[in-house]
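Note: the block below is input-v6.tsv and it holds TSV, C-alpha atoms and all ligand atoms.
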```
chain	number	residue	atom	x	y	z
A	1	MET	CA	44.57	-1.87	-5.23
A	2	THR	CA	41.31	-0.02	-5.85
A	3	SER	CA	38.71	0.54	-3.15
A	4	VAL	CA	35.51	2.46	-2.50
A	5	THR	CA	34.11	3.44	0.91
A	6	VAL	CA	30.43	4.00	1.64
A	7	ARG	CA	29.00	5.63	4.76
A	8	VAL	CA	25.56	4.49	5.84
A	9	PRO	CA	23.29	5.70	8.68
A	10	ALA	CA	21.37	3.95	11.46
A	11	LYS	CA	17.61	4.43	11.65
A	12	VAL	CA	15.08	5.01	14.37
A	13	ASN	CA	11.37	4.35	13.83
A	14	LEU	CA	9.27	7.40	14.70
A	15	GLN	CA	6.07	5.38	14.24
A	16	LEU	CA	6.01	1.60	14.01
A	17	SER	CA	2.43	0.36	13.62
A	18	VAL	CA	2.22	-3.40	13.22
A	19	GLY	CA	-0.77	-5.10	11.56
A	20	PRO	CA	-1.84	-8.72	11.97
A	21	PRO	CA	0.58	-11.50	10.89
A	22	ARG	CA	0.48	-12.33	7.15
A	23	ASP	CA	0.58	-15.79	5.58
A	24	ASP	CA	4.27	-15.30	4.68
A	25	GLY	CA	5.21	-14.74	8.35
A	26	TYR	CA	5.72	-10.99	7.96
A	27	HIS	CA	3.46	-8.18	9.22
A	28	ASP	CA	2.05	-5.27	7.24
A	29	LEU	CA	3.37	-2.07	8.73
A	30	VAL	CA	3.25	1.65	8.77
A	31	ASN	CA	6.88	2.35	9.54
A	32	VAL	CA	8.09	5.95	9.69
A	33	PHE	CA	11.86	5.59	9.23
A	34	HIS	CA	14.23	8.40	10.22
A	35	ALA	CA	17.96	8.17	9.38
A	36	VAL	CA	20.29	9.47	12.12
A	37	SER	CA	23.95	10.46	12.22
A	38	LEU	CA	25.30	7.23	13.65
A	39	PHE	CA	27.22	5.65	10.79
A	40	ASP	CA	28.80	2.38	9.73
A	41	GLU	CA	31.35	2.42	6.91
A	42	VAL	CA	31.85	-0.34	4.38
A	43	THR	CA	34.94	-0.41	2.17
A	44	ALA	CA	34.93	-2.72	-0.84
A	45	SER	CA	38.32	-3.38	-2.42
A	46	ASP	CA	39.81	-5.73	-4.99
A	47	ASP	CA	42.69	-6.65	-2.64
A	48	LEU	CA	41.83	-10.12	-1.31
A	49	SER	CA	45.01	-10.59	0.76
A	50	VAL	CA	44.41	-11.37	4.45
A	51	LEU	CA	46.54	-9.70	7.09
A	52	PRO	CA	47.58	-11.63	10.23
A	53	GLY	CA	45.12	-11.03	13.09
A	54	ASP	CA	42.31	-9.96	10.76
A	55	LEU	CA	38.82	-11.06	11.74
A	56	VAL	CA	38.05	-12.17	8.22
A	57	GLY	CA	35.90	-14.83	6.64
A	58	GLY	CA	35.61	-15.69	3.01
A	59	VAL	CA	32.82	-16.99	0.83
A	60	VAL	CA	33.64	-18.36	-2.60
A	61	SER	CA	31.38	-19.67	-5.30
A	62	GLU	CA	32.28	-20.57	-8.90
A	63	GLN	CA	31.97	-16.98	-10.14
A	64	VAL	CA	32.18	-14.89	-6.97
A	65	THR	CA	34.73	-14.45	-4.16
A	66	ILE	CA	33.76	-12.25	-1.21
A	67	MET	CA	35.99	-11.73	1.84
A	68	VAL	CA	34.62	-9.88	4.86
A	69	GLY	CA	36.21	-8.31	7.93
A	70	VAL	CA	34.56	-6.38	10.77
A	71	GLU	CA	36.00	-3.73	13.12
A	72	GLY	CA	34.57	-1.45	15.83
A	73	GLU	CA	31.47	-1.54	18.09
A	74	SER	CA	30.74	-5.20	19.09
A	75	ALA	CA	32.54	-6.42	15.95
A	76	ASP	CA	32.97	-9.89	17.49
A	77	GLN	CA	29.16	-10.35	17.40
A	78	VAL	CA	28.96	-9.89	13.62
A	79	PRO	CA	29.27	-13.11	11.57
A	80	VAL	CA	32.07	-13.23	8.99
A	81	ASP	CA	30.55	-15.91	6.79
A	82	ALA	CA	27.73	-16.32	4.26
A	83	SER	CA	25.13	-15.33	6.90
A	84	ASN	CA	26.52	-11.76	6.98
A	85	LEU	CA	23.91	-9.54	5.29
A	86	ALA	CA	26.60	-7.45	3.54
A	87	VAL	CA	28.04	-10.66	2.03
A	88	LYS	CA	24.53	-11.68	0.91
A	89	ALA	CA	24.18	-8.23	-0.68
A	90	ALA	CA	27.46	-8.61	-2.58
A	91	PHE	CA	26.37	-12.04	-3.86
A	92	ALA	CA	22.96	-10.73	-4.92
A	93	LEU	CA	24.64	-7.89	-6.82
A	94	ALA	CA	27.23	-10.23	-8.37
A	95	GLU	CA	24.35	-12.07	-10.11
A	96	ARG	CA	23.81	-8.88	-12.18
A	97	ALA	CA	27.49	-8.60	-13.15
A	98	GLY	CA	27.41	-11.31	-15.83
A	99	ARG	CA	31.12	-12.08	-15.26
A	100	PRO	CA	33.30	-13.38	-12.38
A	101	VAL	CA	33.71	-10.73	-9.64
A	102	SER	CA	35.45	-10.52	-6.27
A	103	ALA	CA	35.68	-8.08	-3.39
A	104	ARG	CA	36.97	-7.75	0.10
A	105	LEU	CA	34.48	-5.95	2.39
A	106	LEU	CA	35.72	-4.19	5.52
A	107	ILE	CA	32.82	-3.17	7.79
A	108	ARG	CA	33.57	-0.51	10.42
A	109	LYS	CA	30.74	-0.64	12.96
A	110	ALA	CA	29.39	2.23	15.05
A	111	ILE	CA	25.72	1.19	14.83
A	112	PRO	CA	24.83	-1.19	17.70
A	113	VAL	CA	24.65	-4.85	16.66
A	114	ALA	CA	21.12	-6.37	16.98
A	115	GLY	CA	20.10	-3.06	18.59
A	116	GLY	CA	16.92	-2.19	16.65
A	117	MET	CA	18.71	0.46	14.56
A	118	ALA	CA	19.03	-1.63	11.37
A	119	GLY	CA	22.84	-1.91	11.51
A	120	GLY	CA	22.94	-5.16	9.50
A	121	SER	CA	20.55	-3.71	6.92
A	122	ALA	CA	22.72	-0.58	6.72
A	123	ASP	CA	25.82	-2.67	6.00
A	124	ALA	CA	23.94	-4.55	3.26
A	125	ALA	CA	22.87	-1.27	1.62
A	126	ALA	CA	26.44	0.06	1.85
A	127	ALA	CA	27.85	-3.15	0.33
A	128	LEU	CA	25.42	-2.80	-2.62
A	129	VAL	CA	26.53	0.76	-3.35
A	130	ALA	CA	30.24	-0.01	-2.79
A	131	CYS	CA	30.34	-3.16	-4.96
A	132	ASP	CA	28.24	-1.52	-7.70
A	133	GLU	CA	30.96	1.14	-7.91
A	134	LEU	CA	33.93	-1.25	-7.50
A	135	TRP	CA	32.65	-3.57	-10.24
A	136	GLY	CA	31.64	-0.64	-12.50
A	137	LEU	CA	28.07	-1.91	-12.88
A	138	GLY	CA	26.30	1.45	-12.61
A	139	LEU	CA	22.92	-0.13	-11.84
A	140	PRO	CA	20.00	2.32	-11.65
A	141	ARG	CA	18.92	3.20	-8.09
A	142	GLN	CA	15.56	1.49	-8.67
A	143	GLU	CA	17.32	-1.81	-9.41
A	144	LEU	CA	19.47	-1.48	-6.27
A	145	MET	CA	16.24	-0.80	-4.31
A	146	GLU	CA	14.72	-4.03	-5.68
A	147	ILE	CA	17.79	-6.08	-4.73
A	148	ALA	CA	17.72	-4.37	-1.31
A	149	ALA	CA	14.07	-5.35	-0.71
A	150	GLY	CA	14.99	-8.99	-1.37
A	151	LEU	CA	17.67	-8.84	1.33
A	152	GLY	CA	15.53	-7.48	4.20
A	153	SER	CA	12.61	-5.20	5.03
A	154	ASP	CA	14.84	-2.33	6.28
A	155	VAL	CA	17.54	-2.44	3.57
A	156	PRO	CA	15.77	-0.17	0.99
A	157	PHE	CA	15.45	2.61	3.57
A	158	ALA	CA	19.19	2.46	4.34
A	159	LEU	CA	19.76	3.24	0.63
A	160	LEU	CA	17.21	6.06	0.63
A	161	GLY	CA	17.89	7.74	4.01
A	162	ASP	CA	16.34	10.97	5.33
A	163	THR	CA	12.76	10.30	6.55
A	164	ALA	CA	10.27	8.06	4.80
A	165	VAL	CA	7.02	6.19	5.37
A	166	GLY	CA	7.39	2.46	4.75
A	167	THR	CA	4.39	0.23	4.04
A	168	GLY	CA	4.06	-3.43	3.07
A	169	ARG	CA	6.66	-5.12	5.29
A	170	GLY	CA	8.46	-1.76	5.41
A	171	GLU	CA	10.12	-1.95	1.98
A	172	MET	CA	7.65	0.27	0.01
A	173	LEU	CA	8.87	3.78	0.71
A	174	VAL	CA	7.53	7.29	0.23
A	175	PRO	CA	9.83	10.15	1.35
A	176	ALA	CA	8.34	12.35	4.09
A	177	PRO	CA	8.93	16.12	4.23
A	178	VAL	CA	10.86	17.33	7.29
A	179	THR	CA	11.79	20.85	8.35
A	180	GLY	CA	15.09	21.33	10.19
A	181	ARG	CA	16.95	18.86	12.32
A	182	PHE	CA	15.95	16.74	15.33
A	183	HIS	CA	18.38	15.87	18.12
A	184	TRP	CA	18.49	12.40	19.66
A	185	VAL	CA	20.08	10.36	22.40
A	186	PHE	CA	20.41	6.61	21.96
A	187	ALA	CA	20.87	4.48	25.07
A	188	LEU	CA	22.72	1.33	24.06
A	189	ALA	CA	21.93	-1.84	26.01
A	190	GLU	CA	23.95	-4.91	26.93
A	191	GLY	CA	23.31	-7.61	24.32
A	192	GLY	CA	20.80	-7.58	21.47
A	193	LEU	CA	17.27	-8.72	20.63
A	194	SER	CA	16.28	-10.86	17.63
A	195	THR	CA	13.82	-8.98	15.42
A	196	ALA	CA	11.89	-12.17	14.61
A	197	ARG	CA	11.59	-12.98	18.33
A	198	VAL	CA	10.22	-9.51	19.16
A	199	TYR	CA	7.57	-9.73	16.40
A	200	ALA	CA	6.60	-13.21	17.67
A	201	GLU	CA	6.31	-11.86	21.24
A	202	CYS	CA	4.15	-8.98	19.92
A	203	ASP	CA	1.76	-11.53	18.35
A	204	ARG	CA	1.76	-13.62	21.54
A	205	LEU	CA	0.94	-10.62	23.77
A	206	ARG	CA	-1.86	-9.50	21.43
A	207	GLU	CA	-3.38	-12.97	21.39
A	208	ALA	CA	-3.10	-13.30	25.19
A	209	THR	CA	-4.87	-9.97	25.77
A	210	GLY	CA	-7.40	-10.42	22.94
A	211	GLU	CA	-6.31	-7.07	21.47
A	212	GLN	CA	-8.13	-6.11	18.25
A	213	VAL	CA	-5.36	-5.35	15.76
A	214	ALA	CA	-6.28	-2.41	13.56
A	215	TRP	CA	-4.96	-1.92	10.01
A	216	PRO	CA	-1.90	0.34	10.42
A	217	GLN	CA	-2.36	4.01	9.45
A	218	ALA	CA	0.13	6.87	9.31
A	219	ASP	CA	-0.28	9.23	12.29
A	220	GLU	CA	-1.30	12.61	10.81
A	221	GLY	CA	-0.14	14.50	13.94
A	222	LEU	CA	3.33	12.98	13.68
A	223	MET	CA	3.60	13.74	9.94
A	224	GLU	CA	2.57	17.37	10.58
A	225	ALA	CA	5.10	17.70	13.41
A	226	LEU	CA	7.85	16.46	11.06
A	227	SER	CA	6.98	18.85	8.27
A	228	ALA	CA	6.67	21.77	10.72
A	229	GLY	CA	9.94	20.91	12.51
A	230	ASP	CA	7.97	20.82	15.79
A	231	ALA	CA	10.08	18.69	18.19
A	232	GLU	CA	7.68	19.05	21.12
A	233	THR	CA	4.72	17.58	19.19
A	234	LEU	CA	6.95	14.97	17.55
A	235	GLY	CA	8.02	13.81	21.03
A	236	LYS	CA	4.38	13.34	22.07
A	237	THR	CA	3.44	11.43	18.91
A	238	LEU	CA	6.34	8.91	18.75
A	239	SER	CA	4.95	5.36	18.92
A	240	ASN	CA	6.15	1.79	18.59
A	241	ASP	CA	3.81	-1.24	18.64
A	242	LEU	CA	6.83	-3.50	19.27
A	243	GLN	CA	7.66	-1.72	22.52
A	244	PRO	CA	5.54	-3.86	24.90
A	245	ALA	CA	7.13	-7.00	23.41
A	246	ALA	CA	10.67	-5.59	23.68
A	247	LEU	CA	9.98	-4.58	27.32
A	248	MET	CA	8.66	-8.06	28.06
A	249	LEU	CA	11.84	-9.65	26.66
A	250	CYS	CA	14.19	-7.07	28.23
A	251	ARG	CA	12.60	-5.75	31.44
A	252	PRO	CA	15.32	-3.23	32.48
A	253	LEU	CA	14.40	-1.10	29.44
A	254	ALA	CA	11.34	0.26	31.30
A	255	ARG	CA	13.70	1.92	33.77
A	256	THR	CA	15.86	3.28	30.91
A	257	LEU	CA	12.82	4.92	29.26
A	258	GLU	CA	11.66	6.34	32.60
A	259	ALA	CA	15.11	7.84	33.33
A	260	GLY	CA	15.10	9.64	29.96
A	261	ARG	CA	11.64	11.12	30.63
A	262	GLU	CA	12.75	12.21	34.13
A	263	HIS	CA	15.68	14.05	32.55
A	264	GLY	CA	13.46	16.06	30.24
A	265	ALA	CA	13.33	14.03	27.00
A	266	LEU	CA	10.53	15.31	24.74
A	267	GLY	CA	9.77	11.70	23.83
A	268	ALA	CA	11.15	8.27	24.71
A	269	LEU	CA	10.68	4.94	22.96
A	270	VAL	CA	12.33	1.64	22.15
A	271	SER	CA	14.02	1.89	18.75
A	272	GLY	CA	12.45	-0.65	16.36
A	273	SER	CA	12.68	-4.12	17.90
A	274	GLY	CA	15.13	-2.84	20.57
A	275	PRO	CA	16.93	-3.02	22.89
A	276	THR	CA	18.34	0.44	22.04
A	277	CYS	CA	16.14	3.22	23.48
A	278	ALA	CA	15.72	6.55	21.67
A	279	PHE	CA	15.12	9.93	23.32
A	280	LEU	CA	14.18	13.12	21.53
A	281	ALA	CA	15.99	16.19	22.91
A	282	GLU	CA	15.24	19.92	22.58
A	283	SER	CA	18.65	20.82	21.09
A	284	ASP	CA	22.16	19.45	20.60
A	285	THR	CA	23.23	20.77	24.03
A	286	HIS	CA	20.18	19.19	25.67
A	287	ALA	CA	21.04	15.92	23.91
A	288	ALA	CA	24.61	16.04	25.30
A	289	SER	CA	23.43	16.65	28.87
A	290	LEU	CA	20.69	14.02	28.57
A	291	ALA	CA	23.24	11.45	27.33
A	292	MET	CA	25.51	12.20	30.26
A	293	ALA	CA	22.60	11.95	32.73
A	294	MET	CA	21.63	8.54	31.28
A	295	GLU	CA	25.16	7.24	31.73
A	296	VAL	CA	25.45	8.63	35.27
A	297	ALA	CA	22.08	7.05	36.18
A	298	GLY	CA	23.57	3.69	35.12
A	299	VAL	CA	20.51	2.75	33.06
A	300	CYS	CA	22.40	1.81	29.87
A	301	ARG	CA	25.74	0.45	28.64
A	302	SER	CA	26.48	3.83	27.06
A	303	ALA	CA	24.57	6.74	25.54
A	304	VAL	CA	25.39	8.46	22.24
A	305	THR	CA	23.99	11.61	20.61
A	306	ALA	CA	22.95	11.93	16.97
A	307	PHE	CA	20.78	14.09	14.74
A	308	GLY	CA	18.42	13.39	11.88
A	309	PRO	CA	17.51	13.30	9.15
A	310	VAL	CA	20.69	12.39	7.23
A	311	PRO	CA	21.12	10.92	3.71
A	312	GLY	CA	21.23	7.18	3.01
A	313	ALA	CA	24.23	5.12	1.83
A	314	THR	CA	26.72	7.56	0.26
A	315	ILE	CA	30.14	7.07	-1.32
A	316	VAL	CA	32.67	9.02	0.79
A	317	ARG	CA	35.95	7.77	-0.73
A	318	PRO	CA	35.58	6.90	-4.40
A	319	LEU	CA	37.86	4.73	-6.50
A	320	PRO	CA	41.30	6.33	-6.88
A	401	LIG	O1	13.00	-8.53	6.69
A	401	LIG	P1	13.90	-8.90	7.82
A	401	LIG	O2	14.80	-10.06	7.50
A	401	LIG	O3	14.67	-7.75	8.38
A	401	LIG	O4	12.92	-9.38	8.99
A	401	LIG	C1	13.42	-10.09	10.10
A	401	LIG	C2	12.24	-10.76	10.79
A	401	LIG	O5	11.38	-9.77	11.38
A	401	LIG	C3	11.33	-11.55	9.87
A	401	LIG	O6	11.79	-12.87	9.73
A	401	LIG	C4	9.99	-11.49	10.59
A	401	LIG	O7	9.94	-12.44	11.61
A	401	LIG	C5	10.02	-10.12	11.25
A	401	LIG	N1	9.31	-9.09	10.45
A	401	LIG	C6	7.93	-9.12	10.40
A	401	LIG	N2	7.25	-8.18	9.67
A	401	LIG	C7	7.93	-7.21	9.02
A	401	LIG	C8	9.34	-7.14	9.07
A	401	LIG	C9	10.01	-8.11	9.79
A	401	LIG	O8	7.28	-10.00	10.99
A	401	LIG	N3	7.25	-6.30	8.33
```

What does the file become when written as structure tokens?
Amino acid sequence: MTSVTVRVPAKVNLQLSVGPPRDDGYHDLVNVFHAVSLFDEVTASDDLSVLPGDLVGGVVSEQVTIMVGVEGESADQVPVDASNLAVKAAFALAERAGRPVSARLLIRKAIPVAGGMAGGSADAAAALVACDELWGLGLPRQELMEIAAGLGSDVPFALLGDTAVGTGRGEMLVPAPVTGRFHWVFALAEGGLSTARVYAECDRLREATGEQVAWPQADEGLMEALSAGDAETLGKTLSNDLQPAALMLCRPLARTLEAGREHGALGALVSGSGPTCAFLAESDTHAASLAMAMEVAGVCRSAVTAFGPVPGATIVRPLP
């Protein structure tokens, strides 16, 4: 048996500015992505045997066989069929192989499912890198980025990692300079939120209030804080246009954000489309105490610490 394992990070959006809806149903964005040290792992192997008790689904076409299993954080909420984004990624890559290919994908989840931290997109990016290696395709990064953009708006960033400004629907990326390391607490919520539903609620709220939607622009203060490694200013400049919609759909999150601010977070915001909330801490020790305080206050399912930026999808155990 040969196998390759890829580690891939979650993301938090430091700035998520949402423009008016486009004709294709998407929104133009300025999306400052930041990869954090909360990782899923995807192993692609050529061993297609299924063990008893495995949570495994298979998808077979004439030329391609993909099996998928999921373990870890809320694994039972991840589909093990053709709707799994990692399976879609493997199929999209298989089109470039020009010969019959097969793989078994094992996804080990630590990134919250439907939590606004791009866990599904991360798994898709990891599957691209893992299958490219397993099948010996050696596609150029740029080609993997193009396949990634076809799979979802957040998938290219999961390949790239670190910190980057996304425009278009978030898939056109320019790396952003960052000095040092930022420390985070993520408050995980019960259940998830559908990204499409949160964008739709954002449009609905804007229409109801007659809000004039400006063309999204990168926040200069935030970009300067990143390049200077200035956590205090970064905390003050974090912003997310999807936050009012996420709070409308999941009201207890307002209390979660408030509790983080009360316990000294430098900044607090809903991560992406939520419901995970992100808190910027002063240091790793502050992050640990803040996470504990959030759990004791009972305002989240659990709280985890992480730091950023970290690299994108990376092979950690290559082919033997
Ligand atoms: O691209 P992805 O499949 O991750 O997007 C999920 C949903 O989020 C889209 O169907 C769309 O409703 C919404 N979305 C959006 N504008 C973006 C990105 C996502 O409206 N730039």

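If only C-alpha atoms and all ligand atoms are the atoms counted, then among A:Met117, A:Val101, A:Val299, A:Ala110 the closest residue to ligand LIG 401 (chain A) is A:Met117.
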
So that I can see what lies close to region 266-278 of chain A, please list as a compact mmCIF listing (two decimals) with C-alpha atoms, keeping the file's coordinate frame the residues with an atom at most 9 Å from it, counting all atoms listed in the file and leaving out residues fewer than 5 positions away in the same chain.
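Contents of out_32.txt, as written:
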```txt
# COMPACT_ATOMS: atom_id res chain seq x y z
CA LYS A 11 17.61 4.43 11.65
CA VAL A 12 15.08 5.01 14.37
CA ASN A 13 11.37 4.35 13.83
CA LEU A 14 9.27 7.40 14.70
CA LEU A 16 6.01 1.60 14.01
CA PRO A 112 24.83 -1.19 17.70
CA ALA A 114 21.12 -6.37 16.98
CA GLY A 115 20.10 -3.06 18.59
CA GLY A 116 16.92 -2.19 16.65
CA MET A 117 18.71 0.46 14.56
CA ALA A 118 19.03 -1.63 11.37
CA TRP A 184 18.49 12.40 19.66
CA VAL A 185 20.08 10.36 22.40
CA PHE A 186 20.41 6.61 21.96
CA ALA A 187 20.87 4.48 25.07
CA LEU A 188 22.72 1.33 24.06
CA ALA A 189 21.93 -1.84 26.01
CA GLU A 190 23.95 -4.91 26.93
CA GLY A 191 23.31 -7.61 24.32
CA GLY A 192 20.80 -7.58 21.47
CA LEU A 193 17.27 -8.72 20.63
CA SER A 194 16.28 -10.86 17.63
CA THR A 195 13.82 -8.98 15.42
CA ALA A 196 11.89 -12.17 14.61
CA ARG A 197 11.59 -12.98 18.33
CA VAL A 198 10.22 -9.51 19.16
CA TYR A 199 7.57 -9.73 16.40
CA ALA A 231 10.08 18.69 18.19
CA GLU A 232 7.68 19.05 21.12
CA THR A 233 4.72 17.58 19.19
CA LEU A 234 6.95 14.97 17.55
CA GLY A 235 8.02 13.81 21.03
CA LYS A 236 4.38 13.34 22.07
CA THR A 237 3.44 11.43 18.91
CA LEU A 238 6.34 8.91 18.75
CA SER A 239 4.95 5.36 18.92
CA ASN A 240 6.15 1.79 18.59
CA ASP A 241 3.81 -1.24 18.64
CA LEU A 242 6.83 -3.50 19.27
CA GLN A 243 7.66 -1.72 22.52
CA ALA A 245 7.13 -7.00 23.41
CA ALA A 246 10.67 -5.59 23.68
CA LEU A 247 9.98 -4.58 27.32
CA CYS A 250 14.19 -7.07 28.23
CA LEU A 253 14.40 -1.10 29.44
CA THR A 256 15.86 3.28 30.91
CA LEU A 257 12.82 4.92 29.26
CA GLU A 258 11.66 6.34 32.60
CA GLY A 260 15.10 9.64 29.96
CA ARG A 261 11.64 11.12 30.63
CA CYS A 300 22.40 1.81 29.87
```

- [ ] Using all atoms listed in the file, find each residue with an atom at most 8 Å away from ligand LIG 401 (chain A) and format the answer as a PyMOL selection string.
- [x] chain A and resi 18+21+25-29+121+151-155+168-170+194-200

Task: Of the listed residues A:Pro244, A:Gly72, A:Pro216, A:Gly221, that which approaches Asp203 (chain A) most closely, counting all atoms listed in the file - done: A:Pro244

Open item on the list: Which residues are close to Leu226 (chain A), i.e. within 8 Å by only C-alpha atoms, leaving aside same-chain residues fewer than 6 positions away? Reply as a PyMOL selection string.
Closed with: chain A and resi 177-179+234

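Of the residues under consideration (A:Val70, A:Leu319, A:Ala89, A:Leu249), A:Val70 shows the shortest atom-to-atom contact distance to Val113 (chain A) when counting only C-alpha atoms.
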
Task: Best match for closeness to Pro311 (chain A) among A:Thr43, A:Ser227, A:Ser49, A:Ser37, counting only C-alpha atoms - done: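 Answer, going by the shortest atom-to-atom distance: A:Ser37.
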
TODO: May I have the residues within 9 Å of region 129-139 of chain A as a PyMOL selection string, using all atoms listed in the file and disregarding those fewer than 6 positions away in the same chain?
DONE: chain A and resi 2-6+42-46+90+93-94+96-97+101-103+105+159+313-315+318-319

Task: Minimum-distance residue to Val316 (chain A), chosen among A:Gly19, A:Val304, A:Gln217, A:Asp40 (using only C-alpha atoms) - done: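 Closest candidate: A:Asp40.
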
Open item on the list: Could you tell me how far CA of Thr305 (chain A) sits from CA of Arg255 (chain A), in Å to one decimal place?
Closed with: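 One can read the CA of Arg255 (chain A) to CA of Thr305 (chain A) distance as 19.3 Å.
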
TODO: Please indicate the distance in Å from CA of Val30 (chain A) to CA of Gln15 (chain A), rounded to one decimal place.
DONE: 7.2 Å

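Nearest to Asp123 (chain A) of all the residues A:Ala10, A:Val213, A:Met145, A:Leu205 is A:Ala10, counting only C-alpha atoms.
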
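All polymer residues at most 12 Å from (32.5, -5.7, 15.8), using only C-alpha atoms, appear as Asp40, Asp54, Leu55, Val56, Val68, Gly69, Val70, Glu71, Gly72, Glu73, Ser74, Ala75, Asp76, Gln77, Val78, Pro79, Val80, Leu106, Ile107, Arg108, Lys109, Ala110, Ile111, Pro112, Val113, Ala114, Gly119 and Gly120 of chain A.
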
Task: Between CA of Phe33 (chain A) and CA of Leu128 (chain A) - distance in Å to one decimal - done: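 Separation of CA of Leu128 (chain A) and CA of Phe33 (chain A): 19.9 Å.
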
- [ ] Identify, on the basis of all atoms listed in the file, every residue whose closest approach to Ala288 (chain A) does not exceed 12 Å; exclude the query and any residue fewer than 4 positions from it along the same chain; express the result as an MDAnalysis selection string.
- [x] chainID A and resid 183:186 263 265 279:284 292:295 303:307

Could region 156-168 of chain A be completed with N, CA, C and O atoms and returned as a PDB file, in the coordinates of the input?
```
ATOM      1  N   PRO A 156      16.034  -1.291   1.926  1.00  0.00           N
ATOM      2  CA  PRO A 156      15.770  -0.170   0.990  1.00  0.00           C
ATOM      3  C   PRO A 156      15.866   1.192   1.680  1.00  0.00           C
ATOM      4  O   PRO A 156      16.417   2.138   1.103  1.00  0.00           O
ATOM      5  N   PHE A 157      15.385   1.292   2.923  1.00  0.00           N
ATOM      6  CA  PHE A 157      15.450   2.610   3.570  1.00  0.00           C
ATOM      7  C   PHE A 157      16.906   3.035   3.813  1.00  0.00           C
ATOM      8  O   PHE A 157      17.226   4.223   3.726  1.00  0.00           O
ATOM      9  N   ALA A 158      17.789   2.094   4.117  1.00  0.00           N
ATOM     10  CA  ALA A 158      19.190   2.460   4.340  1.00  0.00           C
ATOM     11  C   ALA A 158      19.814   3.033   3.061  1.00  0.00           C
ATOM     12  O   ALA A 158      20.731   3.848   3.126  1.00  0.00           O
ATOM     13  N   LEU A 159      19.309   2.633   1.895  1.00  0.00           N
ATOM     14  CA  LEU A 159      19.760   3.240   0.630  1.00  0.00           C
ATOM     15  C   LEU A 159      19.206   4.650   0.491  1.00  0.00           C
ATOM     16  O   LEU A 159      19.889   5.566   0.057  1.00  0.00           O
ATOM     17  N   LEU A 160      17.924   4.802   0.854  1.00  0.00           N
ATOM     18  CA  LEU A 160      17.210   6.060   0.630  1.00  0.00           C
ATOM     19  C   LEU A 160      17.585   7.141   1.642  1.00  0.00           C
ATOM     20  O   LEU A 160      17.875   8.282   1.290  1.00  0.00           O
ATOM     21  N   GLY A 161      17.558   6.793   2.937  1.00  0.00           N
ATOM     22  CA  GLY A 161      17.890   7.740   4.010  1.00  0.00           C
ATOM     23  C   GLY A 161      16.836   8.801   4.231  1.00  0.00           C
ATOM     24  O   GLY A 161      15.679   8.653   3.820  1.00  0.00           O
ATOM     25  N   ASP A 162      17.224   9.877   4.927  1.00  0.00           N
ATOM     26  CA  ASP A 162      16.340  10.970   5.330  1.00  0.00           C
ATOM     27  C   ASP A 162      15.166  10.440   6.157  1.00  0.00           C
ATOM     28  O   ASP A 162      15.376   9.688   7.091  1.00  0.00           O
ATOM     29  N   THR A 163      13.922  10.778   5.795  1.00  0.00           N
ATOM     30  CA  THR A 163      12.760  10.300   6.550  1.00  0.00           C
ATOM     31  C   THR A 163      11.764   9.788   5.526  1.00  0.00           C
ATOM     32  O   THR A 163      11.578  10.413   4.473  1.00  0.00           O
ATOM     33  N   ALA A 164      11.183   8.636   5.791  1.00  0.00           N
ATOM     34  CA  ALA A 164      10.270   8.060   4.800  1.00  0.00           C
ATOM     35  C   ALA A 164       9.243   7.178   5.500  1.00  0.00           C
ATOM     36  O   ALA A 164       9.503   6.627   6.565  1.00  0.00           O
ATOM     37  N   VAL A 165       8.065   7.078   4.861  1.00  0.00           N
ATOM     38  CA  VAL A 165       7.020   6.190   5.370  1.00  0.00           C
ATOM     39  C   VAL A 165       7.117   4.873   4.607  1.00  0.00           C
ATOM     40  O   VAL A 165       7.027   4.853   3.375  1.00  0.00           O
ATOM     41  N   GLY A 166       7.309   3.788   5.349  1.00  0.00           N
ATOM     42  CA  GLY A 166       7.390   2.460   4.750  1.00  0.00           C
ATOM     43  C   GLY A 166       6.075   1.720   4.966  1.00  0.00           C
ATOM     44  O   GLY A 166       5.537   1.727   6.073  1.00  0.00           O
ATOM     45  N   THR A 167       5.565   1.096   3.905  1.00  0.00           N
ATOM     46  CA  THR A 167       4.390   0.230   4.040  1.00  0.00           C
ATOM     47  C   THR A 167       4.754  -1.152   3.491  1.00  0.00           C
ATOM     48  O   THR A 167       5.911  -1.401   3.180  1.00  0.00           O
ATOM     49  N   GLY A 168       3.740  -2.042   3.365  1.00  0.00           N
ATOM     50  CA  GLY A 168       4.060  -3.430   3.070  1.00  0.00           C
ATOM     51  C   GLY A 168       4.778  -3.984   4.303  1.00  0.00           C
ATOM     52  O   GLY A 168       4.380  -3.718   5.439  1.00  0.00           O
TER      53      GLY A 168
END
```
